[in-house]
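Asker: For reference, the file model.cif (mmCIF, C-alpha atoms) is included below:
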data_my_file
#
loop_
_atom_site.label_atom_id
_atom_site.label_comp_id
_atom_site.auth_asym_id
_atom_site.auth_seq_id
_atom_site.Cartn_x
_atom_site.Cartn_y
_atom_site.Cartn_z
CA MET W 955 141.89 110.74 48.67
CA ASN W 956 143.07 112.86 51.62
CA ASN W 957 141.33 112.22 54.95
CA ASP W 958 140.98 115.83 55.90
CA SER W 959 140.99 117.98 52.78
CA ALA W 960 138.62 120.92 53.36
CA SER W 961 137.51 119.48 56.71
CA THR W 962 137.00 121.45 59.91
CA PRO W 963 140.15 121.67 62.05
CA VAL W 964 139.76 119.78 65.33
CA PRO W 965 142.05 119.55 68.36
CA LEU W 966 142.82 115.83 67.98
CA SER W 967 145.87 115.12 65.84
CA ASP W 968 145.65 113.09 62.65
CA ALA W 969 147.53 110.27 64.35
CA ALA W 970 145.10 110.25 67.28
CA LEU W 971 142.13 110.21 64.91
CA ASP W 972 143.65 107.33 62.95
CA GLU W 973 144.15 105.35 66.15
CA LEU W 974 140.65 106.21 67.37
CA ALA W 975 139.04 105.12 64.10
CA GLY W 976 140.92 101.84 64.19
CA SER W 977 139.84 101.27 67.78
CA VAL W 978 136.13 101.80 67.16
CA ALA W 979 135.99 99.94 63.82
CA GLY W 980 137.06 96.47 64.95
CA PRO W 981 134.06 94.14 64.71
CA ALA W 982 131.58 97.06 64.58
CA VAL W 983 128.84 97.11 61.96
CA ILE W 984 127.26 100.32 63.33
CA VAL W 985 129.18 103.14 65.04
CA GLY W 986 127.17 105.83 66.78
CA ILE W 987 129.18 109.05 67.04
CA GLY W 988 127.24 111.26 69.43
CA GLY W 989 127.96 114.87 70.31
CA SER W 990 127.11 116.53 73.60
CA THR W 991 125.92 119.50 71.52
CA ARG W 992 125.07 120.14 67.86
CA PHE W 993 126.41 123.69 67.96
CA SER W 994 130.17 123.14 68.21
CA ARG W 995 132.44 123.35 65.19
CA GLU W 996 134.99 121.09 66.86
CA ILE W 997 132.48 118.37 67.77
CA SER W 998 130.97 118.38 64.27
CA GLY W 999 134.48 118.33 62.83
CA THR W 1000 135.43 115.33 64.96
CA GLN W 1001 132.34 113.43 63.79
CA ASP W 1002 133.22 114.27 60.18
CA ARG W 1003 136.88 113.30 60.39
CA LEU W 1004 136.08 110.02 62.11
CA LEU W 1005 133.54 109.26 59.39
CA ARG W 1006 136.17 109.88 56.70
CA ARG W 1007 138.60 107.45 58.29
CA LEU W 1008 135.94 104.81 58.81
CA VAL W 1009 135.02 105.09 55.14
CA LEU W 1010 138.55 105.18 53.75
CA HIS W 1011 140.25 102.60 55.93
CA HIS W 1012 137.54 100.42 57.48
CA GLY W 1013 134.89 99.89 54.81
CA PHE W 1014 131.97 101.87 56.25
CA ARG W 1015 129.55 102.75 53.48
CA ALA W 1016 126.56 104.56 55.01
CA LEU W 1017 125.83 107.62 57.11
CA ALA W 1018 122.60 107.82 59.14
CA VAL W 1019 121.43 111.23 60.35
CA GLN W 1020 118.57 112.39 62.54
CA ASP W 1021 116.21 113.64 59.86
CA GLY W 1022 113.20 112.48 57.88
CA ALA W 1023 113.33 109.98 55.05
CA GLY W 1024 112.68 112.69 52.47
CA ALA W 1025 115.45 114.97 53.72
CA GLY W 1026 117.79 111.98 53.86
CA ALA W 1027 116.91 111.10 50.27
CA GLU W 1028 117.86 114.64 49.18
CA LEU W 1029 121.25 114.26 50.86
CA ASP W 1030 121.73 110.86 49.25
CA ARG W 1031 120.86 112.27 45.82
CA TYR W 1032 123.50 114.94 46.26
CA VAL W 1033 126.30 112.60 47.38
CA SER W 1034 125.33 110.24 44.55
CA GLY W 1035 126.11 112.98 42.00
CA GLY W 1036 122.77 114.74 41.80
CA PRO W 1037 122.41 118.38 40.76
CA GLY W 1038 122.97 121.42 42.93
CA SER W 1039 125.22 122.13 45.88
CA ALA W 1040 125.50 120.65 49.35
CA ALA W 1041 123.72 123.73 50.67
CA ASP W 1042 120.87 123.08 48.23
CA ALA W 1043 120.62 119.49 49.45
CA LEU W 1044 120.46 120.71 53.05
CA ALA W 1045 117.75 123.30 52.37
CA GLN W 1046 114.98 120.98 53.59
CA ALA W 1047 117.05 119.34 56.34
CA TRP W 1048 116.50 119.76 60.07
CA ARG W 1049 117.88 123.13 61.10
CA PRO W 1050 120.85 121.80 63.15
CA GLN W 1051 122.09 120.00 60.02
CA ARG W 1052 122.23 123.19 57.94
CA THR W 1053 125.83 124.15 58.66
CA GLU W 1054 129.00 124.57 56.67
CA GLU W 1055 130.44 121.65 58.64
CA THR W 1056 127.70 119.28 57.43
CA ALA W 1057 128.03 120.65 53.90
CA ALA W 1058 131.77 119.91 53.95
CA ALA W 1059 131.09 116.32 55.01
CA LEU W 1060 128.59 115.85 52.18
CA GLU W 1061 131.00 117.35 49.66
CA TRP W 1062 133.67 114.88 50.80
CA ILE W 1063 131.28 111.93 50.47
CA ARG W 1064 130.27 113.10 47.00
CA ALA W 1065 133.95 113.28 45.96
CA PHE W 1066 134.57 109.81 47.40
CA ASN W 1067 131.59 108.42 45.50
CA ARG W 1068 132.81 109.99 42.27
CA GLU W 1069 136.12 108.13 42.72
CA HIS W 1070 134.40 104.88 43.82
CA PRO W 1071 131.26 104.62 41.65
CA ASN W 1072 130.89 100.89 42.31
CA ASP W 1073 131.35 101.17 46.07
CA PRO W 1074 129.57 104.37 47.17
CA VAL W 1075 128.65 105.79 50.57
CA ARG W 1076 124.91 106.17 51.08
CA VAL W 1077 123.16 108.73 53.31
CA PHE W 1078 119.74 108.23 54.91
CA GLY W 1079 117.48 109.74 57.54
CA VAL W 1080 116.40 107.69 60.54
CA LYS W 1081 112.91 109.19 60.81
CA PRO W 1082 109.88 108.34 58.66
CA ALA W 1083 108.86 110.70 55.87
CA GLN W 1084 108.16 114.17 57.25
CA ALA W 1085 106.45 117.31 56.06
CA GLY W 1086 108.54 119.98 54.37
CA ARG W 1087 107.94 123.58 53.39
CA ASP W 1088 106.64 122.53 49.99
CA ASP W 1089 103.77 120.68 51.68
CA TYR W 1090 102.51 123.89 53.24
CA ASP W 1091 102.84 125.65 49.88
CA ALA W 1092 100.84 122.92 48.11
CA VAL W 1093 98.05 122.97 50.71
CA LEU W 1094 97.75 126.75 50.56
CA ALA W 1095 97.81 126.75 46.75
CA TYR W 1096 94.89 124.31 46.75
CA ALA W 1097 93.03 126.47 49.28
CA HIS W 1098 93.63 129.60 47.19
CA ALA W 1099 92.10 127.84 44.20
CA SER W 1100 89.09 126.26 45.89
CA ALA W 1101 88.32 127.76 49.32
CA PRO W 1102 85.97 130.65 50.03
CA PRO W 1103 87.71 133.73 51.49
CA GLU W 1104 86.85 132.99 55.13
CA GLN W 1105 88.19 129.41 54.93
CA LEU W 1106 91.32 130.58 53.13
CA ALA W 1107 91.96 133.15 55.86
CA ALA W 1108 91.50 130.48 58.53
CA MET W 1109 93.87 128.13 56.71
CA GLU W 1110 96.55 130.81 56.51
CA ALA W 1111 96.06 131.62 60.19
CA HIS W 1112 96.65 127.99 61.12
CA LEU W 1113 99.57 127.24 58.79
CA GLY W 1114 101.42 130.56 58.97
CA PRO W 1115 102.72 130.28 62.54
CA ILE W 1116 103.42 126.56 62.57
CA ARG W 1117 105.65 126.38 59.51
CA SER W 1118 108.18 128.35 61.57
CA ALA W 1119 108.95 125.05 63.36
CA HIS W 1120 110.96 124.04 60.30
CA ASP W 1121 113.42 126.83 61.15
CA ILE W 1122 113.22 126.84 64.96
CA ASP W 1123 111.75 123.82 66.74
CA GLU W 1124 108.54 124.50 68.62
CA HIS W 1125 110.00 123.53 71.99
CA VAL W 1126 112.91 125.90 71.37
CA GLN W 1127 110.47 128.70 70.57
CA ARG W 1128 108.75 128.04 73.90
CA ALA W 1129 112.05 128.12 75.77
CA ARG W 1130 113.02 131.42 74.12
CA GLY W 1131 109.65 133.03 74.74
CA THR W 1132 108.89 133.52 71.03
CA HIS W 1133 106.14 130.90 70.70
CA PRO W 1134 102.78 132.38 69.57
CA GLY W 1135 100.88 130.44 72.23
CA ARG W 1136 98.61 127.74 70.84
CA PRO W 1137 100.19 124.28 70.36
CA PHE W 1138 101.20 123.77 66.74
CA ALA W 1139 99.66 120.29 66.62
CA GLU W 1140 96.25 121.81 67.40
CA HIS W 1141 96.65 124.32 64.57
CA ALA W 1142 97.64 121.48 62.23
CA ARG W 1143 94.63 119.33 63.15
CA ASP W 1144 92.27 122.27 62.59
CA ALA W 1145 93.88 122.94 59.22
CA LEU W 1146 93.37 119.29 58.27
CA ALA W 1147 89.68 119.57 59.12
CA LEU W 1148 89.43 122.63 56.85
CA VAL W 1149 91.19 120.83 53.99
CA ARG W 1150 88.77 117.93 54.28
CA SER W 1151 85.85 120.36 53.87
CA LEU W 1152 87.17 121.78 50.58
CA PRO W 1153 85.80 120.76 47.16
CA ARG W 1154 87.16 117.44 45.86
CA THR W 1155 89.03 118.36 42.71
CA GLY W 1156 91.68 116.17 41.09
CA ALA W 1157 94.45 117.11 43.56
CA TYR W 1158 92.27 116.66 46.67
CA ASP W 1159 93.65 113.30 47.83
CA ALA W 1160 97.26 114.41 47.37
CA VAL W 1161 96.64 117.61 49.34
CA VAL W 1162 94.96 115.71 52.18
CA ALA W 1163 98.00 113.39 52.29
CA ARG W 1164 100.32 116.39 52.51
CA MET W 1165 98.22 117.87 55.29
CA ARG W 1166 98.36 114.61 57.21
CA LEU W 1167 102.15 114.74 56.96
CA ILE W 1168 102.04 118.23 58.47
CA VAL W 1169 99.88 116.98 61.34
CA ASP W 1170 102.24 114.05 61.93
CA PHE W 1171 105.24 116.38 61.92
CA HIS W 1172 103.82 118.51 64.72
CA GLU W 1173 102.32 115.66 66.72
CA HIS W 1174 105.64 113.79 66.69
CA SER W 1175 107.84 116.80 67.46
CA VAL W 1176 109.42 117.24 70.88
CA ALA W 1177 106.71 119.74 71.78
CA GLY W 1178 103.95 117.56 70.35
CA ARG W 1179 105.08 114.46 72.25
CA GLY W 1180 106.16 116.33 75.34
CA ASP W 1181 109.28 114.17 75.27
CA TYR W 1182 112.89 114.93 74.34
CA GLY W 1183 113.83 111.28 73.99
CA GLY W 1184 112.91 110.67 70.37
CA GLU W 1185 111.38 107.43 69.11
CA ALA W 1186 114.13 104.95 69.83
CA ALA W 1187 112.44 101.82 68.50
CA VAL W 1188 111.51 103.44 65.18
CA TRP W 1189 114.83 105.17 64.52
CA SER W 1190 116.94 102.18 65.55
CA GLY W 1191 114.76 99.97 63.37
CA VAL W 1192 115.54 102.11 60.33
CA ILE W 1193 119.28 101.91 61.00
CA GLY W 1194 119.30 98.21 61.84
CA ASP W 1195 117.12 97.28 58.90
CA PHE W 1196 119.32 99.27 56.51
CA ARG W 1197 122.31 97.34 57.82
CA GLN W 1198 120.55 93.99 57.48
CA ARG W 1199 119.18 94.78 54.03
CA THR W 1200 122.37 96.17 52.47
CA GLY W 1201 125.16 94.63 54.54
CA ALA W 1202 126.75 98.10 54.74
CA ARG W 1203 128.64 99.20 57.82
CA VAL W 1204 126.91 102.33 59.12
CA VAL W 1205 128.03 105.50 60.91
CA TYR W 1206 125.21 107.12 62.88
CA TRP W 1207 125.51 110.84 63.75
CA ASP W 1208 123.31 112.21 66.52
CA GLY W 1209 123.43 113.56 70.07
CA ILE W 1210 124.75 111.43 72.93
CA ALA W 1211 121.23 111.22 74.39
CA HIS W 1212 120.37 109.14 71.31
CA THR W 1213 123.62 107.28 70.59
CA SER W 1214 124.21 106.11 74.19
CA ALA W 1215 124.30 102.32 74.35
CA ALA W 1216 122.47 102.42 77.70
CA GLU W 1217 119.17 103.94 78.75
CA THR W 1218 119.42 107.55 79.89
CA VAL W 1219 117.71 109.91 82.31
CA LEU W 1220 117.29 113.46 80.98
CA GLY W 1221 118.25 116.18 83.43
CA MET W 1222 115.44 118.41 82.19
CA ALA W 1223 112.87 115.68 82.92
CA PRO W 1224 114.26 113.36 85.63
CA GLU W 1225 110.75 112.41 86.71
CA ARG W 1226 110.40 110.33 83.53
CA GLY W 1227 113.14 107.98 84.70
CA ALA W 1228 115.42 105.99 82.41
CA GLN W 1229 114.37 105.97 78.76
CA ALA W 1230 115.46 103.73 75.91
CA THR W 1231 117.77 105.31 73.34
CA VAL W 1232 118.47 104.49 69.72
CA GLY W 1233 121.86 103.21 70.81
CA SER W 1234 120.48 101.06 73.63
CA VAL W 1235 118.09 99.34 71.22
CA LEU W 1236 120.92 98.84 68.71
CA ARG W 1237 123.13 97.41 71.48
CA GLU W 1238 120.40 94.95 72.37
CA ARG W 1239 120.03 93.94 68.72
CA PHE W 1240 123.67 93.91 67.64
CA GLY W 1241 125.60 93.49 70.89
CA ALA W 1242 129.24 94.63 70.75
CA ARG W 1243 128.89 95.15 67.00
CA TYR W 1244 127.21 98.47 67.90
CA VAL W 1245 129.91 100.84 69.16
CA SER W 1246 129.06 104.10 70.93
CA VAL W 1247 131.44 107.08 70.76
CA ALA W 1248 130.69 110.18 72.85
CA VAL W 1249 132.26 113.52 71.91
CA GLY W 1250 131.99 116.07 74.70
CA PHE W 1251 133.66 119.28 75.80
CA HIS W 1252 134.69 121.31 78.82
CA HIS W 1253 133.64 124.89 78.03
CA GLY W 1254 133.39 127.41 75.22
CA ASP W 1255 131.36 129.71 73.00
CA LEU W 1256 128.53 128.12 70.98
CA GLY W 1257 127.44 131.36 69.31
CA SER W 1258 124.05 131.79 70.94
CA VAL W 1259 125.41 130.96 74.39
CA VAL W 1260 128.69 130.81 76.28
CA VAL W 1261 128.92 127.54 78.21
CA PRO W 1262 130.78 127.65 81.54
CA GLU W 1263 133.08 125.01 82.94
CA PRO W 1264 131.14 121.87 83.89
CA GLY W 1265 129.94 121.17 87.40
CA ALA W 1266 132.08 118.86 89.50
CA ASP W 1267 129.45 116.08 89.31
CA LEU W 1268 129.74 115.74 85.51
CA ILE W 1269 132.09 113.34 83.78
CA ASP W 1270 133.09 116.30 81.59
CA ALA W 1271 134.74 117.89 84.62
CA ARG W 1272 136.66 114.71 85.35
CA LEU W 1273 137.81 114.45 81.74
CA GLY W 1274 138.74 118.13 81.80
CA ALA W 1275 141.23 117.56 84.59
CA GLN W 1276 143.62 116.74 81.76
CA GLU W 1277 144.23 120.13 80.18
CA ALA W 1278 145.18 118.91 76.70
CA PRO W 1279 143.25 120.50 73.81
CA ALA W 1280 141.63 117.09 73.27
CA HIS W 1281 142.06 113.46 74.26
CA TRP W 1282 140.17 110.17 74.13
CA LEU W 1283 139.65 107.09 76.27
CA ASP W 1284 138.67 103.55 75.29
CA LEU W 1285 136.40 102.34 78.10
CA ARG W 1286 136.39 98.78 76.80
CA THR W 1287 139.84 98.05 78.20
CA GLU W 1288 139.58 96.54 81.67
CA ASP W 1289 142.09 98.80 83.41
CA VAL W 1290 140.21 101.89 82.15
CA ARG W 1291 136.69 100.50 82.52
CA ARG W 1292 136.95 99.85 86.24
CA HIS W 1293 137.61 103.55 86.82
CA TRP W 1294 134.40 104.51 84.97
CA ASP W 1295 131.84 102.18 86.55
CA GLY W 1296 128.84 103.46 88.47
CA PRO W 1297 126.09 106.04 87.85
CA ALA W 1298 127.24 109.24 86.17
CA LYS W 1299 126.08 112.40 84.42
CA ALA W 1300 127.29 113.72 81.06
CA ARG W 1301 126.69 117.28 79.96
CA VAL W 1302 124.20 117.91 77.13
CA ILE W 1303 123.72 121.34 75.53
CA SER W 1304 120.51 121.47 73.47
CA GLY W 1305 118.62 124.28 71.79
CA VAL W 1306 116.88 125.06 75.08
CA TYR W 1307 120.05 125.23 77.21
CA ASP W 1308 120.14 128.01 79.80
CA PRO W 1309 123.47 128.71 81.57
CA GLY W 1310 121.45 129.82 84.58
CA GLN W 1311 120.08 126.27 84.81
CA ASP W 1312 123.31 124.51 83.92
CA ALA W 1313 122.70 121.86 86.58
CA THR W 1314 119.83 120.41 84.49
CA GLY W 1315 121.83 120.17 81.25
CA TYR W 1316 122.84 116.54 81.45
CA ILE W 1317 121.93 112.93 80.76
CA GLY W 1318 122.25 110.36 83.51
CA VAL W 1319 123.62 106.93 82.64
CA PRO W 1320 123.97 103.78 84.76
CA SER W 1321 127.69 103.82 83.99
CA PRO W 1322 129.84 105.65 81.44
CA ALA W 1323 131.34 102.30 80.49
CA GLU W 1324 127.86 100.88 79.73
CA ALA W 1325 126.72 103.93 77.76
CA PHE W 1326 129.89 104.71 75.81
CA ASP W 1327 132.66 102.54 74.45
CA VAL W 1328 134.86 105.56 73.75
CA LEU W 1329 134.94 109.05 75.27
CA VAL W 1330 136.40 111.97 73.29
CA HIS W 1331 136.92 115.18 75.24
CA ILE W 1332 137.56 118.61 73.70
CA ARG W 1333 138.79 121.36 75.99
CA ARG W 1334 137.32 124.47 74.32
CA VAL W 1335 134.72 124.78 71.57
CA SER W 1336 133.59 127.43 69.11
CA PRO W 1337 130.34 127.88 67.12
CA VAL W 1338 129.32 126.02 63.99
CA ARG W 1339 129.00 128.15 60.86
CA TRP W 1340 125.40 128.33 59.71
CA LEU W 1341 124.50 128.18 56.04
CA PRO W 1342 122.62 131.22 54.72
#
Can the structure from this file be put into structure tokens for me?

Answerer:
Amino acid sequence: MNNDSASTPVPLSDAALDELAGSVAGPAVIVGIGGSTRFSREISGTQDRLLRRLVLHHGFRALAVQDGAGAGAELDRYVSGGPGSAADALAQAWRPQRTEETAAALEWIRAFNREHPNDPVRVFGVKPAQAGRDDYDAVLAYAHASAPPEQLAAMEAHLGPIRSAHDIDEHVQRARGTHPGRPFAEHARDALALVRSLPRTGAYDAVVARMRLIVDFHEHSVAGRGDYGGEAAVWSGVIGDFRQRTGARVVYWDGIAHTSAAETVLGMAPERGAQATVGSVLRERFGARYVSVAVGFHHGDLGSVVVPEPGADLIDARLGAQEAPAHWLDLRTEDVRRHWDGPAKARVISGVYDPGQDATGYIGVPSPAEAFDVLVHIRRVSPVRWLP
């Protein structure tokens, strides 16, 4: 099976990617491949092509993604030979996953599994079960069948605006000025109260359970928590427990703010101080058997925004002093590590990035060499291709 058939072209050569994969595999049982943005074709392509090499040549047999258990199960069904297309499998996934680049990775895993039915690659989400669009549909169908007109209208008024968070995260809506105003978690809790007041027919308990999932989704979102950091203990527990239960070597795709092996300070909320990451908890649990790879970039067009050259205080600027299309550094070697000790900032471009506030688009780490075992730097990036 070819490493790169139908994969996204990336600036690193095949030989460099082979060497990189061999470097990070070593004794690793979990490799976190974090991107500084989710919106770059080249960064997604690098994550994909590294995954392929780790599967083909180093025995990795699982991919963990930042999504709910249900969405992860849909992806796993597809790569295990289930019906439909990769795009179908991604229909309920978190919006940043719904790209042609992710679809290509899933198609490759599916082809690998077809050729290796007794040694397949599994896919799973690191978050607990989450609400999906079908939960809203089921709740509203129950209300249509059993609620008086005024309650039905209230239910639709609560659920209508908040289901948009499954296409554009609530905190992103706020940043873009498109948010309708009232916090989505409040709408969800009011809708739950209305559901509980409806007649108790045979489907009542199932509908209440779906509505509770909707409440949990909005309460645990970035906007609901008021925190960009995620839930490091929970997500790392899912990854670590999967490893312990199955013995599979795992690749974990996420952003560098989550995969960092050290605690991070978010530039958009420095007052919160250093926060645990998924990677820092995995490093504590697995030691050097958790390997952290950071894939960053210098500048480029991400579709919705053009990102300028990084500020001089970012490690991205230092890496960009080498004008190659891409290169990588192994910070575990002593002669390299000593040049990357000390507090540092790495650029992060999220869905709320504003070029006018570029100075806040970073994570702070105690040392690049503590946070990342390997740094991959791409000179110029272009946008991911969104699925319809």

Asker: Rank nothing, just name the residue among W:Pro1279, W:Ile1210, W:Gly1022, W:Ala1163 nearest to Ser967 in chain W, using all atoms listed in the file.

Answerer: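 Looking at the shortest contact to Ser967 in chain W, the residue is W:Pro1279.
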
Asker: Taking all atoms listed in the file into account, which of W:Tyr1032, W:Phe1251, W:Trp1062, W:Phe1171 comes nearest Ile1332 in chain W?

Answerer: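 Residue with the minimum atom-to-atom distance to Ile1332 in chain W: W:Phe1251.
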
Asker: Expressed in Å to a single decimal, how great is the separation between CA of Glu1054 in chain W and CA of Arg1087 in chain W?

Answerer: 21.3 Å

Asker: Considering all atoms listed in the file, return as a count of residues only whatever protein or nucleic-acid residues lie within 10 Å of Arg1243 in chain W, sequence-local ones (same chain, fewer than 2 positions apart) excluded.

Answerer: 15

Asker: Which residues fall under the PyMOL selection byres ((chain W and resi 1318-1324) around 10) in this file, as a count of residues only?

Answerer: 40

Asker: Report, in Å with one decimal, the straight-line distance from CA of Gly1315 in chain W to CA of Pro963 in chain W.

Answerer: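 CA of Gly1315 in chain W sits 26.6 Å away from CA of Pro963 in chain W.
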
Asker: Would you mind telling me which residue in W:Tyr1244, W:Phe1138, W:Trp1340, W:Trp1282 lies nearest to Ser1175 in chain W when using all atoms listed in the file?

Answerer: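 Once distances to Ser1175 in chain W are computed over all atoms listed in the file, the minimum belongs to W:Phe1138.
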
Asker: Can you work out which one of W:Ala1187, W:Val1330, W:Ala1023, W:Val1033 has the shortest atom-to-atom distance to Leu1004 in chain W, counting all atoms listed in the file?

Answerer: W:Val1330

Asker: Ranking W:Arg1143, W:His1281, W:Arg1339, W:Arg1128 by minimum distance to Thr1000 in chain W and counting all atoms listed in the file, which one comes first?

Answerer: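 Using all atoms listed in the file, the shortest distance to Thr1000 in chain W belongs to W:His1281.
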
Asker: List the residues matched by the PyMOL selection byres ((chain W and resi 1262) around 9) in the displayed structure as a short mmCIF file (atom, residue, chain, number, x, y, z; two decimals) with C-alpha atoms, in the frame of the given file, ordered by chain and then by residue number.

Answerer:
data_model
loop_
_atom_site.label_atom_id
_atom_site.label_comp_id
_atom_site.auth_asym_id
_atom_site.auth_seq_id
_atom_site.Cartn_x
_atom_site.Cartn_y
_atom_site.Cartn_z
CA HIS W 1252 134.69 121.31 78.82
CA HIS W 1253 133.64 124.89 78.03
CA GLY W 1254 133.39 127.41 75.22
CA ASP W 1255 131.36 129.71 73.00
CA VAL W 1260 128.69 130.81 76.28
CA VAL W 1261 128.92 127.54 78.21
CA GLU W 1263 133.08 125.01 82.94
CA PRO W 1264 131.14 121.87 83.89
CA GLY W 1265 129.94 121.17 87.40
CA PRO W 1309 123.47 128.71 81.57
CA ASP W 1312 123.31 124.51 83.92
#

Asker: Near Ile1116 in chain W, counting all atoms listed in the file, which residues have an atom at most 12 Å away, once you skip same-chain residues fewer than 5 positions from it, shown as a PyMOL selection string?

Answerer: chain W and resi 1085-1087+1090+1109-1111+1121-1125+1127+1133-1145+1168-1169+1171-1173+1175+1177-1178

Asker: I'd like to know which of W:Ala1108, W:Val1338, W:Val1093, W:Val1126 is closest to Leu1256 in chain W, using all atoms listed in the file.

Answerer: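 Ranked by minimum distance to Leu1256 in chain W, first place goes to W:Val1338.
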
Asker: As a check of understanding, name the residues that the PyMOL selection byres ((chain W and resi 1010) around 12) selects in the supplied structure, as an MDAnalysis selection string.

Answerer: chainID W and resid 955:958 972 975:976 979 1003:1009 1011:1015 1062:1063 1066:1067 1069:1070 1073:1075

Asker: In Å to one decimal, how far is CA of Asp1002 in chain W from CA of Gly989 in chain W?

Answerer: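 If I compute the distance from CA of Gly989 in chain W to CA of Asp1002 in chain W, I get 11.4 Å.
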
Asker: List every residue of range 1162-1241 of chain W that has an atom at most 12 Å from any atom of range 994-997 of chain W, giving for each one its closest atom pair and the distance in Å to one decimal, counting all atoms listed in the file, sorted by chain and then by ascending residue number, as CSV.

Answerer:
residue,atom,partner,partner_atom,distance
W:Trp1207,CA,W:Ile997,CA,11.0
W:Asp1208,CA,W:Ile997,CA,11.1
W:Gly1209,CA,W:Ile997,CA,10.5
W:Ile1210,CA,W:Ile997,CA,11.6

Asker: Set out as CSV a contact list for range 1028-1109 of chain W and range 1195-1199 of chain W with a cut-off of 12 Å, giving each residue of range 1028-1109 of chain W that qualifies its closest atom pair and distance in Å to one decimal, counting all atoms listed in the file, ordered by chain and rising residue number.

Answerer:
residue,atom,partner,partner_atom,distance
W:Arg1076,CA,W:Phe1196,CA,10.4
W:Val1077,CA,W:Phe1196,CA,10.7
W:Phe1078,CA,W:Phe1196,CA,9.1
W:Gly1079,CA,W:Phe1196,CA,10.7
W:Val1080,CA,W:Phe1196,CA,9.8

Asker: Tell me, as an mmCIF file with C-alpha atoms, keeping the file's coordinate frame, which residues lie within 10 Å of Gly1024 in chain W, counting only C-alpha atoms; anything in the same chain fewer than 2 positions away does not count.

Answerer:
data_model
loop_
_atom_site.group_PDB
_atom_site.id
_atom_site.type_symbol
_atom_site.label_atom_id
_atom_site.label_comp_id
_atom_site.auth_asym_id
_atom_site.auth_seq_id
_atom_site.Cartn_x
_atom_site.Cartn_y
_atom_site.Cartn_z
ATOM 1 C CA ASP W 1021 116.210 113.640 59.860
ATOM 2 C CA GLY W 1022 113.200 112.480 57.880
ATOM 3 C CA GLY W 1026 117.790 111.980 53.860
ATOM 4 C CA ALA W 1027 116.910 111.100 50.270
ATOM 5 C CA GLU W 1028 117.860 114.640 49.180
ATOM 6 C CA LEU W 1029 121.250 114.260 50.860
ATOM 7 C CA ASP W 1030 121.730 110.860 49.250
ATOM 8 C CA GLN W 1046 114.980 120.980 53.590
ATOM 9 C CA ALA W 1047 117.050 119.340 56.340
ATOM 10 C CA PHE W 1078 119.740 108.230 54.910
ATOM 11 C CA GLY W 1079 117.480 109.740 57.540
ATOM 12 C CA LYS W 1081 112.910 109.190 60.810
ATOM 13 C CA PRO W 1082 109.880 108.340 58.660
ATOM 14 C CA ALA W 1083 108.860 110.700 55.870
ATOM 15 C CA GLN W 1084 108.160 114.170 57.250
ATOM 16 C CA ALA W 1085 106.450 117.310 56.060
ATOM 17 C CA GLY W 1086 108.540 119.980 54.370
#

Asker: Excluding Arg1150 in chain W and its own-chain neighbours fewer than 4 positions away, which residues fall within 12 Å of it when counting all atoms listed in the file? Please give them as a PyMOL selection string.

Answerer: chain W and resi 1093+1096-1097+1100-1101+1105+1109+1143-1146+1154-1155+1158-1166

Asker: Output the selection as a JSON list (two decimals), in the coordinates of the input - C-alpha atoms for each residue.

Answerer:
[["chain", "number", "residue", "atom", "x", "y", "z"],
["W", 1093, "VAL", "CA", 98.05, 122.97, 50.71],
["W", 1096, "TYR", "CA", 94.89, 124.31, 46.75],
["W", 1097, "ALA", "CA", 93.03, 126.47, 49.28],
["W", 1100, "SER", "CA", 89.09, 126.26, 45.89],
["W", 1101, "ALA", "CA", 88.32, 127.76, 49.32],
["W", 1105, "GLN", "CA", 88.19, 129.41, 54.93],
["W", 1109, "MET", "CA", 93.87, 128.13, 56.71],
["W", 1143, "ARG", "CA", 94.63, 119.33, 63.15],
["W", 1144, "ASP", "CA", 92.27, 122.27, 62.59],
["W", 1145, "ALA", "CA", 93.88, 122.94, 59.22],
["W", 1146, "LEU", "CA", 93.37, 119.29, 58.27],
["W", 1154, "ARG", "CA", 87.16, 117.44, 45.86],
["W", 1155, "THR", "CA", 89.03, 118.36, 42.71],
["W", 1158, "TYR", "CA", 92.27, 116.66, 46.67],
["W", 1159, "ASP", "CA", 93.65, 113.30, 47.83],
["W", 1160, "ALA", "CA", 97.26, 114.41, 47.37],
["W", 1161, "VAL", "CA", 96.64, 117.61, 49.34],
["W", 1162, "VAL", "CA", 94.96, 115.71, 52.18],
["W", 1163, "ALA", "CA", 98.00, 113.39, 52.29],
["W", 1164, "ARG", "CA", 100.32, 116.39, 52.51],
["W", 1165, "MET", "CA", 98.22, 117.87, 55.29],
["W", 1166, "ARG", "CA", 98.36, 114.61, 57.21]]
